[in-house]
Amino acid sequence: MTNQQKAMASVAASIKMLREKPVESALVERYFLLYEAWEMVKDLPQPLQLGNAMYHILSKASLPILEYDLLLGRFDDHVPTPEEQAQLEKIWSEINLYENPITRHNFGHTTLDWSGVVFEGIPARIQKCEEKIRLAKESGEDKNVLNFLEGMCLIYKGILRYIERYGEQAKRAGMEDCAAVCQALTEGGAKTFREALQMILFVYNIHLIYSGAGVDCVSVGRLDNVLLPLYLTDLKEGRLTREETGYLIDDFSAKMSLHLGRGEHQMAYLNEDYYHTGWDRNHVFDSPGYIVLGGYSNGGDHCENPLTLLFAEHIHPGLKNPVYICRHTRDRSDALWDILSEKIRSNASILIYNDETMIPAQRHIGVEAQDAVNYGIHPCNWPDIDGGEVVDMVGGPIPHLINRVLEEHAKIGSMEDIYRMMAEQFRKELAPCFATYRKKYRGALLPSDGRLTMTDCFLKGPLEKMRSMDLGGAKYPAVYVLVRNIGTATDMLCAVEQVVYEKGQCTLSELVGATEDNFESRPDLLAACKQAPKYGTDNPKADAVMKRIMNLLLDVTDEEATNSDGVRDVVTLNIALNDSNHLADGKEMGATVDGRRAGEPLSENLAPSVGSAPAVTSLLNSVAKLPFDRIHSGVLNVKLCPGEKTDATLIKQLIDTYFGEGGMQLQFSITDNETLRRAQQTPEQYRDLLVRITGYSAVFVDMSKDGQEEFIRREETK
């Protein structure tokens with residue numbers, strides 16, 4: 001087979017797997033090896049449990065190879081026999097992945113230091129780790145520090161042994177080129193583009209398959225930036241052509257899909273009898289993996305990066321993974337965005353961010369310029385700081401905050417009172433969290449408790465500082481400040497302002513009382529609330545309320561994050577996304593003053609309440625008014641109807657216009673409700689239909705029935 005044929009076969013096999021993989025398929029060997037390792041290490045300190053367990057697992061894991069592999073990186077995933085199923089059920093009953101010391105801290109959800117992974121290499125990390133251990137012993141370091149370093153060193157040695165074994169296996173299979181790549185990686189960092197992709201794939205798979213708990217997922221970062229020097233050198237020295245590089249990218253993308261199972265996880269709870277792979281069988285069955293493309297760079301070459309263009313050309317709309325995070329700049333390349341817009345029109349797994357807001361938002365919280373440019377996004381649309389780590393989370397749905405204020409309606413005489421009391425309530429939430437942060441991260445260096453994660457092995461800081469990221473290893477320890485469901489929140493205050501204070505249709509006490517019986521006794525107030533201005537409609541009143549709410553909360557955040565000397569000493573990442581929690585939060589919440597009935601969903605992420613914004617231009621005009629120079633993540637799902645009008649040129653114009661007005665993020669699903677209804681009726685004919693959930697793609701016909709209905713409920717825009 002030629003390399004082109006191999007790449008085509010690899011992509012085709014992954015697409016077929018996504019549609020046909022048996023739901024019963026499980027990572028059988030992973031669980032057997034994990035259980036075997038646990039029996040060996042359970043009496044050791046946690047870092048040595050993890051280190052020894054990973055060395056054992058990586059020394060014994062099977063190493064599948066297929067004839068069309070350009071890159072190595074497969075693992076056991078099969079339908080268990082009855083005997084294996086019985087063993088698995090025993091293991092699942094005895095080992096809780098969220099509590100077991102081998103796996104419980106390995107949750108991923110970050111962007112690893114892929115430049116270090118590629119160029120430093122495993123042998124150098126082992127050498128550095130051993131030198132740290134020697135110096136730590138000489139200086140009488142705490143035993144926790146030694147355990148941390150020794151556990152890390154064992155992980156590196158396990159990975160090195162895994163690479164050695166895969167090289168030996170490739171040689172036995174007659175794949176000398178793959179064997180040579182492995183041999184090079186056992187000796188040092190990557191020197192070629194192929195070696196770099198192979199090293200990334202090894203670390204990616206090991207992190208997900210063998211060490212992870214729950215929905216472990218990672219971003220593989222800005223590969224077009226990281227790998228550009230190797231690509232250019234390979235071209236210059238004749239090791240690769242542009243076409244051959246594309247085939248490697250194809251195989252890499254296909255292998256980033258291999259861990260997936262069947263089904264969609266965020267809304268699975270809506271149907272208890274939903275039939276899907278599930279976390280027990282495969283803890284990463286629905287874990288997305290991100291590749292970041294484009295955006296400003298510290299090298300200043302973002303408009304002329306030929307590797308960005310090549311990666312874009314090799315985005316396959318039929319693949320659920322990888323998800324591409326495409327960073328947009330004011331001086332973006334027409335050639336690149338022509339390709340990306342066409343891929344979006346083909347319904348590829350693409351999420352878009354605006355560098356003109358994302359980088360200033362990072363600078364606003366004190367991130368240095370060179371780090372702000374390298375901001376990352378990890379699944380599911382959560383932001384990363386280059387060299388940072390999230391150490392806490394505070395806040396939540398803004399409608400909950402408003403409800404707490406409205407409960408004290410006897411004390412409220414005006415809208416100004418409501419805004420003042422919202423600020424007071426939010427300040428009370430933030431203050432204890434920030435006080436704890438200051439105590440832990442702004443005083444003396446935290447003592448190491450020895451805790452080690454797989455992620456620590458591949459981030460900037462932990463090895464150098466000899467401690468985990470959230471114990472002082474991170475340059476930027478950060479707090480997620482959640483400011484969620486701005487659509488429902490805006491509609492609530494718009495209704496109060498119009499119904500109570502402008503038109504005087506009732507008192508605030510009467511309006512709050514009407515929500516307590518789900519508006520059953522006051523249908524007149526229900527109608528009045530629904531007629532108030534709505535977020536997402538380009539209504540000036542609604543947009544003014546929206547901006548005031550968000551600026552109020554962000555002002556309080558800035559004030560509380562600034563110490564008495566006027567210095568910001570708390571790093572906050574301000575998050576306006578809610579994954580699919582708008583469903584669960586809404587289900588548990590009574591009726592609200594915007595006319596939303598009890599149990600109905602809240603607004604999703606940055607979207608308006610359903611039924612408010614059928615026109616995409618009015619939606620984008622409204623959302624763009626948010627203060628995105630202080631917001632670090634928030635999803636805007638846009639469902640565009642397919643057809644001649646939804647062409648690549650229109651999509652590019654929507655992106656350019658929205659981002660030009662100050663918007664932050666966009667992601668499109670190109671489908672309509674008629675198609676979705678047909679897919680429900682004849683799912684076998686719609687196996688290729690992908691839709692965007694919060695930060696990943698889902699095969700629509702593999703979603704739970706209520707999950708499908710929730711997606712259909714999402715606004716169609718024109």
# chains A, B, ... in the order shown; residues from 1 in each chain; ligands from 1

call {"tool": "residues_around", "arguments": {"residues": "Arg677 of chain A", "least_positions_apart": "5", "cutoff": "10 Å", "atoms": "only C-alpha atoms", "output": "PyMOL selection string"}}
result
chain A and resi 672+682-683+708-709+712

call {"tool": "write_last_selection", "arguments": {"atoms": "C-alpha atoms", "output": "mmCIF file, in the first residue's frame"}}
result
data_model
loop_
_atom_site.group_PDB
_atom_site.id
_atom_site.type_symbol
_atom_site.label_atom_id
_atom_site.label_comp_id
_atom_site.auth_asym_id
_atom_site.auth_seq_id
_atom_site.Cartn_x
_atom_site.Cartn_y
_atom_site.Cartn_z
ATOM 1 C CA ASP A 672 -32.553 21.514 10.254
ATOM 2 C CA THR A 682 -34.905 6.051 10.113
ATOM 3 C CA PRO A 683 -31.638 6.236 12.088
ATOM 4 C CA GLN A 708 -32.220 14.489 20.561
ATOM 5 C CA GLU A 709 -35.330 16.421 21.532
ATOM 6 C CA ILE A 712 -34.168 19.829 18.117
#

call {"tool": "residues_around", "arguments": {"residues": "Leu248 of chain A", "least_positions_apart": "2", "cutoff": "10 Å", "atoms": "only C-alpha atoms", "output": "JSON, numbers by chain"}}
result
{"A": [3, 4, 6, 7, 69, 70, 71, 193, 194, 197, 198, 243, 244, 245, 246, 250, 251, 252, 253, 254, 314]}

call {"tool": "write_last_selection", "arguments": {"atoms": "N, CA, C and O atoms", "output": "PDB file, in the first residue's frame"}}
result
ATOM      1  N   ASN A   3       1.468   5.271   0.983  1.00  0.00           N
ATOM      2  CA  ASN A   3       1.102   6.023   2.184  1.00  0.00           C
ATOM      3  C   ASN A   3      -0.258   6.708   2.030  1.00  0.00           C
ATOM      4  O   ASN A   3      -1.008   6.847   2.995  1.00  0.00           O
ATOM      5  N   GLN A   4      -0.567   7.137   0.820  1.00  0.00           N
ATOM      6  CA  GLN A   4      -1.884   7.723   0.581  1.00  0.00           C
ATOM      7  C   GLN A   4      -2.988   6.697   0.830  1.00  0.00           C
ATOM      8  O   GLN A   4      -4.000   6.994   1.474  1.00  0.00           O
ATOM      9  N   LYS A   6      -2.773   4.070   2.708  1.00  0.00           N
ATOM     10  CA  LYS A   6      -2.805   3.776   4.143  1.00  0.00           C
ATOM     11  C   LYS A   6      -3.595   4.856   4.895  1.00  0.00           C
ATOM     12  O   LYS A   6      -4.420   4.536   5.762  1.00  0.00           O
ATOM     13  N   ALA A   7      -3.341   6.106   4.576  1.00  0.00           N
ATOM     14  CA  ALA A   7      -4.046   7.200   5.248  1.00  0.00           C
ATOM     15  C   ALA A   7      -5.543   7.119   4.977  1.00  0.00           C
ATOM     16  O   ALA A   7      -6.366   7.293   5.889  1.00  0.00           O
ATOM     17  N   ASP A  69      -1.036   1.219   9.185  1.00  0.00           N
ATOM     18  CA  ASP A  69      -0.587   2.195  10.182  1.00  0.00           C
ATOM     19  C   ASP A  69       0.635   2.966   9.686  1.00  0.00           C
ATOM     20  O   ASP A  69       1.671   2.364   9.361  1.00  0.00           O
ATOM     21  N   LEU A  70       0.518   4.268   9.639  1.00  0.00           N
ATOM     22  CA  LEU A  70       1.677   5.128   9.440  1.00  0.00           C
ATOM     23  C   LEU A  70       2.267   5.533  10.782  1.00  0.00           C
ATOM     24  O   LEU A  70       3.472   5.739  10.909  1.00  0.00           O
ATOM     25  N   LEU A  71       1.396   5.673  11.764  1.00  0.00           N
ATOM     26  CA  LEU A  71       1.789   5.955  13.135  1.00  0.00           C
ATOM     27  C   LEU A  71       1.276   4.834  14.017  1.00  0.00           C
ATOM     28  O   LEU A  71       0.238   4.230  13.735  1.00  0.00           O
ATOM     29  N   PHE A 193       9.116  15.602  11.747  1.00  0.00           N
ATOM     30  CA  PHE A 193       7.679  15.794  11.906  1.00  0.00           C
ATOM     31  C   PHE A 193       7.005  14.482  12.291  1.00  0.00           C
ATOM     32  O   PHE A 193       6.145  14.455  13.178  1.00  0.00           O
ATOM     33  N   ARG A 194       7.399  13.395  11.647  1.00  0.00           N
ATOM     34  CA  ARG A 194       6.781  12.101  11.947  1.00  0.00           C
ATOM     35  C   ARG A 194       7.086  11.662  13.373  1.00  0.00           C
ATOM     36  O   ARG A 194       6.213  11.158  14.085  1.00  0.00           O
ATOM     37  N   LEU A 197       4.776  13.714  15.734  1.00  0.00           N
ATOM     38  CA  LEU A 197       3.405  13.230  15.778  1.00  0.00           C
ATOM     39  C   LEU A 197       3.317  11.913  16.543  1.00  0.00           C
ATOM     40  O   LEU A 197       2.372  11.683  17.306  1.00  0.00           O
ATOM     41  N   GLN A 198       4.306  11.046  16.340  1.00  0.00           N
ATOM     42  CA  GLN A 198       4.292   9.762  17.032  1.00  0.00           C
ATOM     43  C   GLN A 198       4.438   9.942  18.540  1.00  0.00           C
ATOM     44  O   GLN A 198       3.736   9.289  19.324  1.00  0.00           O
ATOM     45  N   GLU A 243       2.467  16.519   0.488  1.00  0.00           N
ATOM     46  CA  GLU A 243       1.452  15.473   0.402  1.00  0.00           C
ATOM     47  C   GLU A 243       1.693  14.393   1.443  1.00  0.00           C
ATOM     48  O   GLU A 243       0.751  13.920   2.107  1.00  0.00           O
ATOM     49  N   GLU A 244       2.937  13.968   1.606  1.00  0.00           N
ATOM     50  CA  GLU A 244       3.256  12.926   2.582  1.00  0.00           C
ATOM     51  C   GLU A 244       2.959  13.397   4.004  1.00  0.00           C
ATOM     52  O   GLU A 244       2.499  12.623   4.852  1.00  0.00           O
ATOM     53  N   THR A 245       3.196  14.677   4.273  1.00  0.00           N
ATOM     54  CA  THR A 245       2.867  15.235   5.589  1.00  0.00           C
ATOM     55  C   THR A 245       1.365  15.154   5.834  1.00  0.00           C
ATOM     56  O   THR A 245       0.912  14.820   6.933  1.00  0.00           O
ATOM     57  N   GLY A 246       0.596  15.434   4.795  1.00  0.00           N
ATOM     58  CA  GLY A 246      -0.854  15.345   4.919  1.00  0.00           C
ATOM     59  C   GLY A 246      -1.327  13.944   5.251  1.00  0.00           C
ATOM     60  O   GLY A 246      -2.278  13.761   6.020  1.00  0.00           O
ATOM     61  N   ASP A 250      -3.547  12.764   8.450  1.00  0.00           N
ATOM     62  CA  ASP A 250      -4.751  11.941   8.337  1.00  0.00           C
ATOM     63  C   ASP A 250      -4.719  10.780   9.326  1.00  0.00           C
ATOM     64  O   ASP A 250      -5.704  10.512  10.024  1.00  0.00           O
ATOM     65  N   ASP A 251      -3.598  10.079   9.367  1.00  0.00           N
ATOM     66  CA  ASP A 251      -3.511   8.924  10.260  1.00  0.00           C
ATOM     67  C   ASP A 251      -3.554   9.354  11.720  1.00  0.00           C
ATOM     68  O   ASP A 251      -4.171   8.696  12.562  1.00  0.00           O
ATOM     69  N   PHE A 252      -2.914  10.476  12.018  1.00  0.00           N
ATOM     70  CA  PHE A 252      -2.944  11.015  13.379  1.00  0.00           C
ATOM     71  C   PHE A 252      -4.384  11.326  13.790  1.00  0.00           C
ATOM     72  O   PHE A 252      -4.831  10.968  14.885  1.00  0.00           O
ATOM     73  N   SER A 253      -5.135  11.984  12.913  1.00  0.00           N
ATOM     74  CA  SER A 253      -6.528  12.331  13.214  1.00  0.00           C
ATOM     75  C   SER A 253      -7.363  11.079  13.416  1.00  0.00           C
ATOM     76  O   SER A 253      -8.192  11.011  14.338  1.00  0.00           O
ATOM     77  N   ALA A 254      -7.164  10.102  12.557  1.00  0.00           N
ATOM     78  CA  ALA A 254      -7.931   8.863  12.678  1.00  0.00           C
ATOM     79  C   ALA A 254      -7.666   8.186  14.011  1.00  0.00           C
ATOM     80  O   ALA A 254      -8.586   7.665  14.660  1.00  0.00           O
ATOM     81  N   HIS A 314      -6.837  18.991   5.886  1.00  0.00           N
ATOM     82  CA  HIS A 314      -6.996  17.589   6.274  1.00  0.00           C
ATOM     83  C   HIS A 314      -7.964  17.404   7.445  1.00  0.00           C
ATOM     84  O   HIS A 314      -7.899  16.395   8.147  1.00  0.00           O
TER      85      HIS A 314
END

call {"tool": "select_by_dssp", "arguments": {"residues": "segment 266-360 of chain A", "states": "strand (DSSP E or B)", "output": "PyMOL selection string"}}
result
chain A and resi 290-294+323-328+350-354

call {"tool": "write_last_selection", "arguments": {"atoms": "N, CA, C and O atoms", "output": "short mmCIF file (atom, residue, chain, number, x, y, z; two decimals), in the first residue's frame"}}
result
data_model
loop_
_atom_site.label_atom_id
_atom_site.label_comp_id
_atom_site.auth_asym_id
_atom_site.auth_seq_id
_atom_site.Cartn_x
_atom_site.Cartn_y
_atom_site.Cartn_z
N TYR A 290 -8.76 17.85 21.40
CA TYR A 290 -8.70 19.10 20.65
C TYR A 290 -7.35 19.29 19.96
O TYR A 290 -6.29 18.97 20.52
N ILE A 291 -7.40 19.85 18.75
CA ILE A 291 -6.22 20.40 18.07
C ILE A 291 -6.48 21.88 17.85
O ILE A 291 -7.55 22.25 17.36
N VAL A 292 -5.54 22.73 18.23
CA VAL A 292 -5.70 24.18 18.08
C VAL A 292 -4.96 24.64 16.83
O VAL A 292 -3.80 24.28 16.62
N LEU A 293 -5.65 25.43 15.99
CA LEU A 293 -5.05 25.93 14.75
C LEU A 293 -5.14 27.44 14.68
O LEU A 293 -6.15 28.04 15.05
N GLY A 294 -4.08 28.06 14.17
CA GLY A 294 -4.11 29.48 13.87
C GLY A 294 -3.96 30.34 15.11
O GLY A 294 -3.67 29.88 16.20
N VAL A 323 -11.52 17.43 17.51
CA VAL A 323 -12.23 18.69 17.40
C VAL A 323 -11.18 19.77 17.17
O VAL A 323 -10.18 19.83 17.89
N TYR A 324 -11.41 20.60 16.16
CA TYR A 324 -10.45 21.66 15.85
C TYR A 324 -10.89 22.98 16.46
O TYR A 324 -12.02 23.44 16.22
N ILE A 325 -10.01 23.57 17.26
CA ILE A 325 -10.21 24.92 17.79
C ILE A 325 -9.48 25.86 16.84
O ILE A 325 -8.24 25.86 16.78
N CYS A 326 -10.22 26.65 16.08
CA CYS A 326 -9.62 27.54 15.09
C CYS A 326 -9.65 28.97 15.61
O CYS A 326 -10.73 29.51 15.88
N ARG A 327 -8.46 29.55 15.74
CA ARG A 327 -8.33 30.89 16.31
C ARG A 327 -8.32 31.93 15.19
O ARG A 327 -7.53 31.86 14.26
N HIS A 328 -9.22 32.91 15.32
CA HIS A 328 -9.44 33.94 14.30
C HIS A 328 -8.73 35.22 14.71
O HIS A 328 -8.78 35.62 15.88
N ILE A 350 -15.59 21.72 14.26
CA ILE A 350 -14.78 22.94 14.35
C ILE A 350 -15.44 23.91 15.33
O ILE A 350 -16.64 24.16 15.26
N LEU A 351 -14.64 24.45 16.25
CA LEU A 351 -15.06 25.50 17.18
C LEU A 351 -14.15 26.70 16.94
O LEU A 351 -12.95 26.52 16.70
N ILE A 352 -14.68 27.90 17.00
CA ILE A 352 -13.92 29.09 16.60
C ILE A 352 -13.82 30.07 17.76
O ILE A 352 -14.81 30.34 18.44
N TYR A 353 -12.62 30.61 17.96
CA TYR A 353 -12.38 31.62 18.99
C TYR A 353 -11.74 32.86 18.37
O TYR A 353 -11.00 32.78 17.38
N ASN A 354 -12.01 33.99 19.00
CA ASN A 354 -11.53 35.29 18.52
C ASN A 354 -10.34 35.74 19.35
O ASN A 354 -10.48 36.10 20.53
#

call {"tool": "closest_atom_pairs", "arguments": {"of": "segment 359-446 of chain A", "to": "segment 479-499 of chain A", "cutoff": "6 Å", "atoms": "only C-alpha atoms", "output": "Markdown table"}}
result
| residue | atom | partner | partner_atom | distance |
| --- | --- | --- | --- | --- |
| A:Val390 | CA | A:Val479 | CA | 5.7 |
| A:Val391 | CA | A:Val479 | CA | 5.9 |
| A:Asp392 | CA | A:Val479 | CA | 4.8 |
| A:Met393 | CA | A:Tyr480 | CA | 4.6 |
| A:Val394 | CA | A:Val481 | CA | 5.2 |
| A:Gly395 | CA | A:Leu482 | CA | 4.6 |
| A:Gly396 | CA | A:Leu482 | CA | 5.0 |
| A:Pro397 | CA | A:Arg484 | CA | 4.5 |
| A:Ile398 | CA | A:Arg484 | CA | 5.6 |
| A:Pro399 | CA | A:Ala489 | CA | 5.0 |

call {"tool": "closest_atom_pairs", "arguments": {"of": "segment 160-248 of chain A", "to": "segment 277-281 of chain A", "cutoff": "12 Å", "atoms": "only C-alpha atoms", "output": "tab-separated table"}}
result
residue	atom	partner	partner_atom	distance
A:Ile209	CA	A:Arg281	CA	11.8
A:Gly212	CA	A:Trp279	CA	11.3
A:Ala213	CA	A:Trp279	CA	9.1
A:Gly214	CA	A:Trp279	CA	6.6
A:Val215	CA	A:Trp279	CA	7.8
A:Asp216	CA	A:Trp279	CA	10.6

call {"tool": "closest_residue", "arguments": {"among": "A:Val28, A:Met466, A:Ala598, A:Leu459", "to": "Ala514 of chain A", "atoms": "only C-alpha atoms"}}
result
A:Ala598

call {"tool": "select_by_dssp", "arguments": {"residues": "segment 239-322 of chain A", "states": "helix (DSSP H, G or I)", "output": "JSON, numbers by chain"}}
result
{"A": [242, 243, 244, 245, 246, 247, 248, 249, 250, 251, 252, 253, 254, 255, 268, 269, 270, 278, 279, 280, 281, 302, 303, 304, 306, 307, 308, 309, 310, 311, 312, 313]}

call {"tool": "atom_distance", "arguments": {"atom1": "atom CA of Val145 of chain A", "atom2": "atom CA of Leu463 of chain A"}}
result
10.4 Å

call {"tool": "atom_distance", "arguments": {"atom1": "atom CA of Thr2 of chain A", "atom2": "atom CA of Tyr247 of chain A"}}
result
10.1 Å

call {"tool": "closest_residue", "arguments": {"among": "A:Asp338, A:Asp301, A:Glu510, A:Asp384", "to": "Asn225 of chain A", "atoms": "only C-alpha atoms"}}
result
A:Asp301

call {"tool": "atom_distance", "arguments": {"atom1": "atom CA of Asp538 of chain A", "atom2": "atom CA of Asn605 of chain A"}}
result
17.6 Å

call {"tool": "residues_around", "arguments": {"residues": "Ile200 of chain A", "least_positions_apart": "3", "cutoff": "9 Å", "atoms": "only C-alpha atoms", "output": "PyMOL selection string"}}
result
chain A and resi 114+117-118+195-197+203-205+220

call {"tool": "write_last_selection", "arguments": {"atoms": "all heavy atoms", "output": "mmCIF file, in the first residue's frame"}}
result
data_model
loop_
_atom_site.group_PDB
_atom_site.id
_atom_site.type_symbol
_atom_site.label_atom_id
_atom_site.label_comp_id
_atom_site.auth_asym_id
_atom_site.auth_seq_id
_atom_site.Cartn_x
_atom_site.Cartn_y
_atom_site.Cartn_z
ATOM 1 N N TRP A 114 3.054 20.507 25.039
ATOM 2 C CA TRP A 114 3.405 19.642 23.906
ATOM 3 C C TRP A 114 4.748 19.997 23.294
ATOM 4 O O TRP A 114 5.423 19.129 22.721
ATOM 5 C CB TRP A 114 2.294 19.686 22.867
ATOM 6 C CG TRP A 114 1.055 19.049 23.395
ATOM 7 C CD1 TRP A 114 -0.088 19.666 23.803
ATOM 8 C CD2 TRP A 114 0.860 17.650 23.651
ATOM 9 N NE1 TRP A 114 -0.996 18.741 24.281
ATOM 10 C CE2 TRP A 114 -0.440 17.487 24.192
ATOM 11 C CE3 TRP A 114 1.640 16.516 23.473
ATOM 12 C CZ2 TRP A 114 -0.958 16.248 24.548
ATOM 13 C CZ3 TRP A 114 1.122 15.267 23.826
ATOM 14 C CH2 TRP A 114 -0.160 15.150 24.354
ATOM 15 N N VAL A 117 7.006 17.985 25.384
ATOM 16 C CA VAL A 117 6.842 16.570 25.037
ATOM 17 C C VAL A 117 7.627 16.248 23.779
ATOM 18 O O VAL A 117 8.341 15.236 23.701
ATOM 19 C CB VAL A 117 5.345 16.238 24.831
ATOM 20 C CG1 VAL A 117 5.173 14.846 24.222
ATOM 21 C CG2 VAL A 117 4.585 16.330 26.147
ATOM 22 N N VAL A 118 7.510 17.116 22.772
ATOM 23 C CA VAL A 118 8.114 16.851 21.466
ATOM 24 C C VAL A 118 9.625 17.009 21.498
ATOM 25 O O VAL A 118 10.372 16.120 21.071
ATOM 26 C CB VAL A 118 7.504 17.791 20.401
ATOM 27 C CG1 VAL A 118 8.330 17.769 19.119
ATOM 28 C CG2 VAL A 118 6.074 17.392 20.114
ATOM 29 N N GLU A 195 8.312 11.849 13.806
ATOM 30 C CA GLU A 195 8.672 11.488 15.184
ATOM 31 C C GLU A 195 7.845 12.310 16.179
ATOM 32 O O GLU A 195 7.409 11.786 17.217
ATOM 33 C CB GLU A 195 10.167 11.732 15.412
ATOM 34 C CG GLU A 195 11.073 10.744 14.682
ATOM 35 C CD GLU A 195 12.541 11.128 14.778
ATOM 36 O OE1 GLU A 195 12.868 12.052 15.559
ATOM 37 O OE2 GLU A 195 13.370 10.526 14.068
ATOM 38 N N ALA A 196 7.640 13.584 15.860
ATOM 39 C CA ALA A 196 6.879 14.442 16.763
ATOM 40 C C ALA A 196 5.427 13.982 16.871
ATOM 41 O O ALA A 196 4.878 13.864 17.975
ATOM 42 C CB ALA A 196 6.940 15.885 16.273
ATOM 43 N N LEU A 197 4.776 13.714 15.734
ATOM 44 C CA LEU A 197 3.405 13.230 15.778
ATOM 45 C C LEU A 197 3.317 11.913 16.543
ATOM 46 O O LEU A 197 2.372 11.683 17.306
ATOM 47 C CB LEU A 197 2.862 13.029 14.363
ATOM 48 C CG LEU A 197 2.305 14.241 13.623
ATOM 49 C CD1 LEU A 197 1.644 13.794 12.320
ATOM 50 C CD2 LEU A 197 1.312 15.031 14.452
ATOM 51 N N VAL A 203 1.896 9.780 24.049
ATOM 52 C CA VAL A 203 1.532 10.416 25.318
ATOM 53 C C VAL A 203 0.016 10.589 25.418
ATOM 54 O O VAL A 203 -0.585 10.353 26.476
ATOM 55 C CB VAL A 203 2.255 11.773 25.476
ATOM 56 C CG1 VAL A 203 1.722 12.538 26.686
ATOM 57 C CG2 VAL A 203 3.757 11.546 25.612
ATOM 58 N N TYR A 204 -0.615 10.985 24.326
ATOM 59 C CA TYR A 204 -2.071 11.165 24.297
ATOM 60 C C TYR A 204 -2.776 9.858 24.673
ATOM 61 O O TYR A 204 -3.658 9.833 25.541
ATOM 62 C CB TYR A 204 -2.478 11.619 22.894
ATOM 63 C CG TYR A 204 -3.965 11.824 22.692
ATOM 64 C CD1 TYR A 204 -4.585 12.990 23.112
ATOM 65 C CD2 TYR A 204 -4.739 10.862 22.050
ATOM 66 C CE1 TYR A 204 -5.948 13.197 22.912
ATOM 67 C CE2 TYR A 204 -6.103 11.058 21.845
ATOM 68 C CZ TYR A 204 -6.697 12.218 22.272
ATOM 69 O OH TYR A 204 -8.044 12.417 22.081
ATOM 70 N N ASN A 205 -2.395 8.760 24.034
ATOM 71 C CA ASN A 205 -3.049 7.479 24.298
ATOM 72 C C ASN A 205 -2.770 6.953 25.700
ATOM 73 O O ASN A 205 -3.664 6.435 26.373
ATOM 74 C CB ASN A 205 -2.613 6.444 23.260
ATOM 75 C CG ASN A 205 -3.408 6.546 21.977
ATOM 76 O OD1 ASN A 205 -4.471 7.152 21.945
ATOM 77 N ND2 ASN A 205 -2.889 5.981 20.910
ATOM 78 N N VAL A 220 -4.313 18.579 22.402
ATOM 79 C CA VAL A 220 -2.938 18.393 21.928
ATOM 80 C C VAL A 220 -2.331 19.712 21.456
ATOM 81 O O VAL A 220 -1.222 19.735 20.915
ATOM 82 C CB VAL A 220 -2.834 17.318 20.825
ATOM 83 C CG1 VAL A 220 -3.272 15.974 21.362
ATOM 84 C CG2 VAL A 220 -3.649 17.679 19.596
#

call {"tool": "residues_around", "arguments": {"residues": "Ala348 of chain A", "least_positions_apart": "5", "cutoff": "10 Å", "atoms": "only C-alpha atoms", "output": "ChimeraX atom specification"}}
result
/A:315-324,340-343,668-670,690-692,697

call {"tool": "closest_residue", "arguments": {"among": "A:Asp334, A:Glu131, A:Glu29, A:Asp273", "to": "Val79 of chain A", "atoms": "only C-alpha atoms"}}
result
A:Glu29

call {"tool": "closest_residue", "arguments": {"among": "A:Gly387, A:Gly611, A:Gly513, A:Gly51", "to": "Gly536 of chain A", "atoms": "only C-alpha atoms"}}
result
A:Gly611

call {"tool": "residues_around", "arguments": {"residues": "Gly660 of chain A", "least_positions_apart": "6", "cutoff": "10 Å", "atoms": "only C-alpha atoms", "output": "list in words"}}
result
Thr329, Arg330, Asn354, Glu356, Ala624 and Leu654 of chain A

call {"tool": "residues_around", "arguments": {"residues": "Tyr275 of chain A", "least_positions_apart": "3", "cutoff": "10 Å", "atoms": "only C-alpha atoms", "output": "PyMOL selection string"}}
result
chain A and resi 23-24+262-263+268+271-272+278+702-704

call {"tool": "closest_residue", "arguments": {"among": "A:Leu309, A:Ile163, A:Leu626, A:Met415", "to": "Ala544 of chain A", "atoms": "only C-alpha atoms"}}
result
A:Leu626
